[in-house]
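Enquirer: Sending over a structure as structure tokens; questions will come in a sec.
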Amino acid sequence: MSTRSIYLDHAATTPVKPEVLEAMLPWFTENFGNPSTVYSIGRTSKKAIEEARETVARIIGAEPREIFFTGSGTEADNWAIKGAAYANMKKGKHIITTSIEHHAVLHTCQYLESEGFEVTYLPVDEYGLVSPEQVEAAIRPDTILISVMFANNEIGTIQPIAEIGKIAREKGICFHTDAVQAMGSIRVNVSDLNVDMLSMSAHKFYGPKGVGALYIRKGVKLTSFMHGGAQERGRRASTENVPGIVGLAKALELADKNMDEHNKKLIALRDRTIAEIEEKIPYVRLNGHREKRLPGNVNFSFEFIEGESLLLMLDLKGIAASSGSACTSGSLDPSHVLLAIGLPHERAHGSLRLTFGDGNTDEDVDCLMEVLPGIVERLREMSPLYEEVRSRKKD
Amino acid sequence: MSKGKVMLGMSGGVDSSVAAALLIGQGYEVIGITMQIWPDMDECRRRTEGGCCSLSAVDDARRVANSLGINYYVLNFKDVFQDKVIDYFTNEYLAGRTPNPCIACNRFVKFEALLAKAVSMGMDYIATGHYARIEYDDKAGRYLLKKSVAAGKDQTYVLYTMTQYQLARTLFPIGGFTKDQVRALASEYGLPVASKPDSQEICFVEDNDYGRFIEENTDAEIKPGYFVDRQGNILGRHRGIIHYTIGQRKGLGVSFGKPMYVAEIRPEDNTVVLGDADEVFSAGLVASDPNFISIDELRDEMRVTAKIRYSAKEAPAVIRPLDSGRVEVLFDEPQRAVTPGQAVVFYDGDIVVGGAVIEKSFRQYSK
């Protein structure tokens with residue numbers, strides 16, 4: 001058995017870049033001061049946070065006072081959606097989202113439904129695209145929030161955020177986008193896109209885990225998420241995660257600087273993998289859109305097999321992949337995203353997501369393609385359905 | 001050199017944990033798995049100890065796998081478990097029978113679905129922490145299923161459906177040990193589970209309240225009906241046939257001035273027949289869907305000891321084939337509470353001859 005390990009799950013999380021770690025380290029030890037204090041060492045921490053805020057703001061075209069640091073992307077999503085819902089409930093109780101959102105959005109919306117809000121979950125087409133026309137058609141006089149993810153975590157489909165933002169702006173409805181998967185791969189300007197709120201998570205772009213950010217456009221009404229202090233302008237109490245915030249900003253800065261080169265490399269790996277899988281393995285289907293797709297994302301359904309067995313066998317060969325989002329792979333239910341793009345139950349079970357990142361090379365794809373066709377064939381040999389299809393072909 | 005690749009079912013309990021350590025010691029390449037059998041994680045979270053997939057089981061199994069340094073996965077068996085165990089369990093009760101879900105789980109989930117998955121993944125064997133032994137008999141050219149050496153722990157009753165194909169690909173590493181020895185091994189290996197209590201109840205029924213479980217899992221209406229005697233006289237009202245099993249005395253909710261027992265359940269007219277103590281004894285029974293292990297087929301009469309439920313003592317009996325694969329069992333002495341839906345398992349000493357599903361009992365034997 002090969003001892004080489006290949007990491008192909010960058011949509012789940014990414015390793016912290018050495019430069020990011022280096023930027024973070026002083027804020028654990030020598031510069032440990034609490035940013036809310038008056039003395040020098042505390043003020044140093046405060047300054048670091050404000051510089052980080054400026055960096056993030058500059059990169060997404062926002063003002064520093066519109067950036068709020070959180071404990072995660074999930075927290076940013078929760079805050080954006082619950083905060084906007086509760087702050088505007090006198091105006092209306094209708095929310096529009098999509099059926100392929102991350103659970104951080106979906107489950108939050110479901111919770112709000114139990115609190116008396118009404119939620120419209122827009123369907124998507126076979127590529128996982130939401131149509132701006134459908135968004136517009138779903139708007140009602142009591143609609144208070146539209147939340148559409150920037151890019152899908154499972155199938156990589158990139159949504160027409162600018163078009164939806166334009167509609168939301170014209171109708172005067174608050175527009176949130178979960179950009180957790182998009183940040184670092186797509187240049188985002190909140191003004192051009194007419195986005196009112198945007199969530200991000202540092203560990204998806206080579207930053208540390210446990211820190212995220214929410215952009216909240218000036219003037220957007222939102223209830224506070226955490227109570228108990230004046231941090232983040234009193235809207236997200238708790239002592240700031242200074243090293244994490246510094247790391248988030250540094251990681252985003254690097255991602256922004258290297259984006260073109262990074263994307264070029266990932267797209268090459270992605271397209272080569274897609275081409276080789278389609279060439280070497282029969283009965284496969286690429287999930288998601290071929291062009292409107294995250295640079296590192298490959299998602300295939302393999303007929304006649306279960307993704308679960310496939311993942312295990314890849315793991316035993318030292319290849320880290322996933323079948324859907326990391327948050328649901330523990331349960332291995334058919335993915336709601338694949339069901340939403342119209343895959344039948346059994347095929348939604350047989351999917352594989354490979355997401356490339358910084359550390360990957362062409363040799364990784366060589367290794368993958370050395371083992372993947374054999375594993376798929378072996379698993380299919382046990383499937384009575386496949387046997388039937390094969391014997392029919394021979395006749 | 002590895003003795004082969006084994007996929008081991010782990011519950012986080014002491015038995016499967018020691019099984020893992022023993023297999024590794026014997027030179028097998030071991031992958032640990034836990035079968036997830038619940039429709040969703042919320043359901044799973046509601047359950048406590050004992051369930052194959054309860055979160056604490058997964059946490060415990062993962063901890064054991066980590067301490068042994070083996071790969072560990074949670075595999076999804078929800079659909080087959082719903083279909084072959086939960087639905088079967090519910091339907092049997094609705095039909096006035098008393099099912100054994102552990103037998104169904106072993107037959108369809110562990111030794112069918114799990115084994116198929118293991119084989120497809122290139123495994124040579126599956127293993128579980130059952131108290132039973134598998135031996136190959138050169139003379140007969142067959143794999144034999146034998147009782148565990150642990151008195152009172154033997155689990156062959158719930159394994160009688162195993163085929164030669166399954167036995168050839170299954171390992172029961174703790175079958176040769178007593179429970180005390182297993183606990184001692186757990187401490188010796190430093191496994192983090194040594195003090196966990198044994199699980200007893202049906203793993204998917206909360207608080208052992210199977211009546212409520214069935215009501216929650218079926219659209220069928222659970223209708224109250226009448227207790228009657230053998231002559232058809234009405235003795236009282238019952239709460240619905242799913243709440244009763246043959247031989248039951250407690251919980252009838254009516255007092256009769258003398259001990260009365262459930263002698264028969266009749267789904268066709270929704271009645272429960274009560275009788276006094278001697279009315280729940282049977283001279284014999286007819287069973288269907290047999291599986292034979294030590295022999296390939298039952299051709300003639302055979303003397304065995306027969307066990308009619310998990311907790312019953314074996315009773316001397318003669319078995320003989322009937323038409324359409326059924327088996328007749330005649331006890332030397334009448335047996336109490338022979339219950340349709342339960343299994344009857346036949347033994348020749350330590351060796352499992354085979355078993356079948358009880359269809360009906362008869363009080364007197366008439367040739």
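Letters A, B, ... mark the chains of the structure tokens in the order given; residue numbers begin at 1 per chain; ligand numbers begin at 1, in order shown.
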Restrict the calculation to only C-alpha atoms, then for each residue of chain B with any atom at most 10 Å from an atom of chain A give the closest atom pair and their distance in Å to one decimal, rows by chain and rising residue number, as a tab-separated table.
Expert:
```
residue	atom	partner	partner_atom	distance
B:Ile31	CA	A:Leu316	CA	9.6
B:Gln36	CA	A:Ser331	CA	7.9
B:Trp38	CA	A:Ser331	CA	9.6
B:Pro39	CA	A:Asp333	CA	9.0
B:Asp40	CA	A:Ser331	CA	7.7
B:Met41	CA	A:Ser331	CA	7.1
B:Asn71	CA	A:Leu316	CA	8.3
B:Tyr72	CA	A:Leu312	CA	9.4
B:Tyr73	CA	A:Leu312	CA	7.7
B:Val74	CA	A:Gly330	CA	7.1
B:Leu75	CA	A:Glu308	CA	7.2
B:Asn76	CA	A:Leu332	CA	6.5
B:Phe77	CA	A:Leu332	CA	10.0
B:Lys78	CA	A:Asp333	CA	9.3
B:Ala116	CA	A:Met382	CA	7.7
B:Lys117	CA	A:Ser309	CA	7.5
B:Ala118	CA	A:Ser309	CA	8.9
B:Val119	CA	A:Met382	CA	8.2
B:Ser120	CA	A:Leu379	CA	5.3
B:Met121	CA	A:Leu379	CA	6.7
B:Gly122	CA	A:Arg378	CA	8.2
```
Enquirer: Where does DSSP see strand (DSSP E or B) in segment 21-189 of chain A, if you list the residues as a ChimeraX atom specification?
Expert: /A:67-70,94-98,118-122,143-147,151,157-158,174-178
Enquirer: Any idea what's packed within 12 Å of Gly257 of chain B, counting only C-alpha atoms, ignoring anything in its chain fewer than 3 positions away? Could you give it as a count of residues only?
Expert: 4
Enquirer: Under the rule that only C-alpha atoms are counted, which of B:Phe108, B:Tyr244, B:Tyr131, B:Phe172 is the nearest residue to Leu94 of chain B?
Expert: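 Closest candidate: B:Tyr244.
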Enquirer: Per residue of segment 35-106 of chain A within 7 Å of segment 224-244 of chain A, what are the shortest atom pair and its distance in Å to one decimal, counting only C-alpha atoms, with rows by chain and residue number, as CSV?
Expert:
```
residue,atom,partner,partner_atom,distance
A:Ser45,CA,A:Val242,CA,6.8
A:Ile49,CA,A:Val242,CA,6.5
A:Phe68,CA,A:Glu232,CA,6.0
A:Trp79,CA,A:Phe225,CA,5.8
A:Gly83,CA,A:Ser224,CA,6.7
```
Enquirer: Show me, as a PDB file with N, CA, C and O atoms, in the first residue's frame, the residues that have an atom within 6 Å of segment 149-151 of chain A when counting only C-alpha atoms, minus same-chain residues fewer than 6 positions from it.
Expert:
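Final output, saved to result.pdb:
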```
ATOM      1  N   THR A 157     -20.700  25.334  -8.571  1.00  0.00           N
ATOM      2  CA  THR A 157     -21.394  26.256  -9.475  1.00  0.00           C
ATOM      3  C   THR A 157     -21.397  27.685  -8.918  1.00  0.00           C
ATOM      4  O   THR A 157     -21.702  27.899  -7.753  1.00  0.00           O
ATOM      5  N   ILE A 158     -21.035  28.623  -9.805  1.00  0.00           N
ATOM      6  CA  ILE A 158     -20.980  30.034  -9.408  1.00  0.00           C
ATOM      7  C   ILE A 158     -22.272  30.727  -9.834  1.00  0.00           C
ATOM      8  O   ILE A 158     -22.678  30.658 -10.995  1.00  0.00           O
ATOM      9  N   GLN A 159     -22.913  31.377  -8.896  1.00  0.00           N
ATOM     10  CA  GLN A 159     -24.235  31.973  -9.135  1.00  0.00           C
ATOM     11  C   GLN A 159     -24.136  33.383  -9.733  1.00  0.00           C
ATOM     12  O   GLN A 159     -23.132  34.077  -9.516  1.00  0.00           O
ATOM     13  N   THR A 177     -25.017  37.194   0.704  1.00  0.00           N
ATOM     14  CA  THR A 177     -24.435  36.057  -0.011  1.00  0.00           C
ATOM     15  C   THR A 177     -23.417  35.350   0.867  1.00  0.00           C
ATOM     16  O   THR A 177     -22.580  35.980   1.518  1.00  0.00           O
ATOM     17  N   ASP A 178     -23.539  34.026   0.890  1.00  0.00           N
ATOM     18  CA  ASP A 178     -22.575  33.173   1.583  1.00  0.00           C
ATOM     19  C   ASP A 178     -21.425  32.959   0.599  1.00  0.00           C
ATOM     20  O   ASP A 178     -21.541  32.183  -0.343  1.00  0.00           O
ATOM     21  N   ALA A 179     -20.328  33.684   0.829  1.00  0.00           N
ATOM     22  CA  ALA A 179     -19.203  33.643  -0.113  1.00  0.00           C
ATOM     23  C   ALA A 179     -18.059  32.794   0.433  1.00  0.00           C
ATOM     24  O   ALA A 179     -16.903  32.959   0.041  1.00  0.00           O
ATOM     25  N   GLN A 181     -17.112  29.756  -0.046  1.00  0.00           N
ATOM     26  CA  GLN A 181     -16.321  29.008  -1.024  1.00  0.00           C
ATOM     27  C   GLN A 181     -15.713  29.923  -2.086  1.00  0.00           C
ATOM     28  O   GLN A 181     -14.745  29.547  -2.740  1.00  0.00           O
ATOM     29  N   ALA A 182     -16.289  31.083  -2.277  1.00  0.00           N
ATOM     30  CA  ALA A 182     -15.854  31.957  -3.367  1.00  0.00           C
ATOM     31  C   ALA A 182     -14.607  32.762  -3.009  1.00  0.00           C
ATOM     32  O   ALA A 182     -13.745  33.003  -3.858  1.00  0.00           O
TER      33      ALA A 182
END
```
Enquirer: Set the distance at 12 Å and use only C-alpha atoms: which residues neighbour Asp180 of chain B once local chain neighbours fewer than 3 positions away are removed? I'd like the list as a VMD selection string.
Expert: chain B and resid 14 to 15 18 149 to 153 174 176 to 177 183 to 187 194 to 195
Enquirer: I'd like to know which of B:Val272, B:Asn291, B:Gly232, B:Asp154 is closest to Lys313 of chain B, using only C-alpha atoms.
Expert: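 Distance minimum relative to Lys313 of chain B lands on B:Asp154.
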Enquirer: Write out as a list in words the residues lying within 7 Å of segment 354-371 of chain A, counting only C-alpha atoms and excluding same-chain residues fewer than 4 positions away.
Expert: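 In the requested form, the answer reads Ile6, Leu8, Asp9, His10, Ala11, Leu266, Leu269, Thr273, Gly296, Asn297, Val298, Asn299, Ala321, Ser322 and Ile375 of chain A.
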Enquirer: Which one is closest to Ala315 of chain B: B:Arg97, B:Tyr28, B:Asp289, B:Gly349? Count only C-alpha atoms.
Expert: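 Closest to Ala315 of chain B of all the choices is B:Gly349.
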Enquirer: Which residue out of A:Asp192, A:Glu377, A:Asp77, A:Glu276 has the minimum interatomic distance to Val148 of chain A when only C-alpha atoms are used?
Expert: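 Once distances to Val148 of chain A are computed over only C-alpha atoms, the minimum belongs to A:Asp77.
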Enquirer: Kindly indicate which residue among B:Leu171, B:Met302, B:Ile134, B:Val338 lies nearest to Glu279 of chain B, using only C-alpha atoms for the distances.
Expert: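 Of all the options, B:Val338 lies closest to Glu279 of chain B.
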Enquirer: May I ask which of the residues A:Ala162, A:Ile173, A:Ile281, A:Cys109 is the closest one to Arg140 of chain A, counting only C-alpha atoms?
Expert: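 Going through A:Ala162, A:Ile173, A:Ile281, A:Cys109 one by one, the smallest distance to Arg140 of chain A is for A:Ile173.
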Enquirer: Would you list, as JSON, numbers by chain, the residues of segment 250-345 of chain A that end up in helix (DSSP H, G or I) under DSSP run on this structure's backbone?
Expert: {"A": [250, 251, 252, 253, 254, 255, 256, 257, 259, 260, 261, 262, 263, 264, 265, 266, 267, 268, 269, 270, 271, 272, 273, 274, 275, 276, 277, 278, 279, 280, 307, 308, 309, 310, 311, 312, 313, 314, 315, 316, 336, 337, 338, 339, 340, 345]}
Enquirer: At a cut-off of 10 Å, using only C-alpha atoms, what residues contact segment 136-139 of chain B? Leave out same-chain residues fewer than 2 positions from it and give the result as a PyMOL selection string.
Expert: chain B and resi 134+141-145+167-168+294
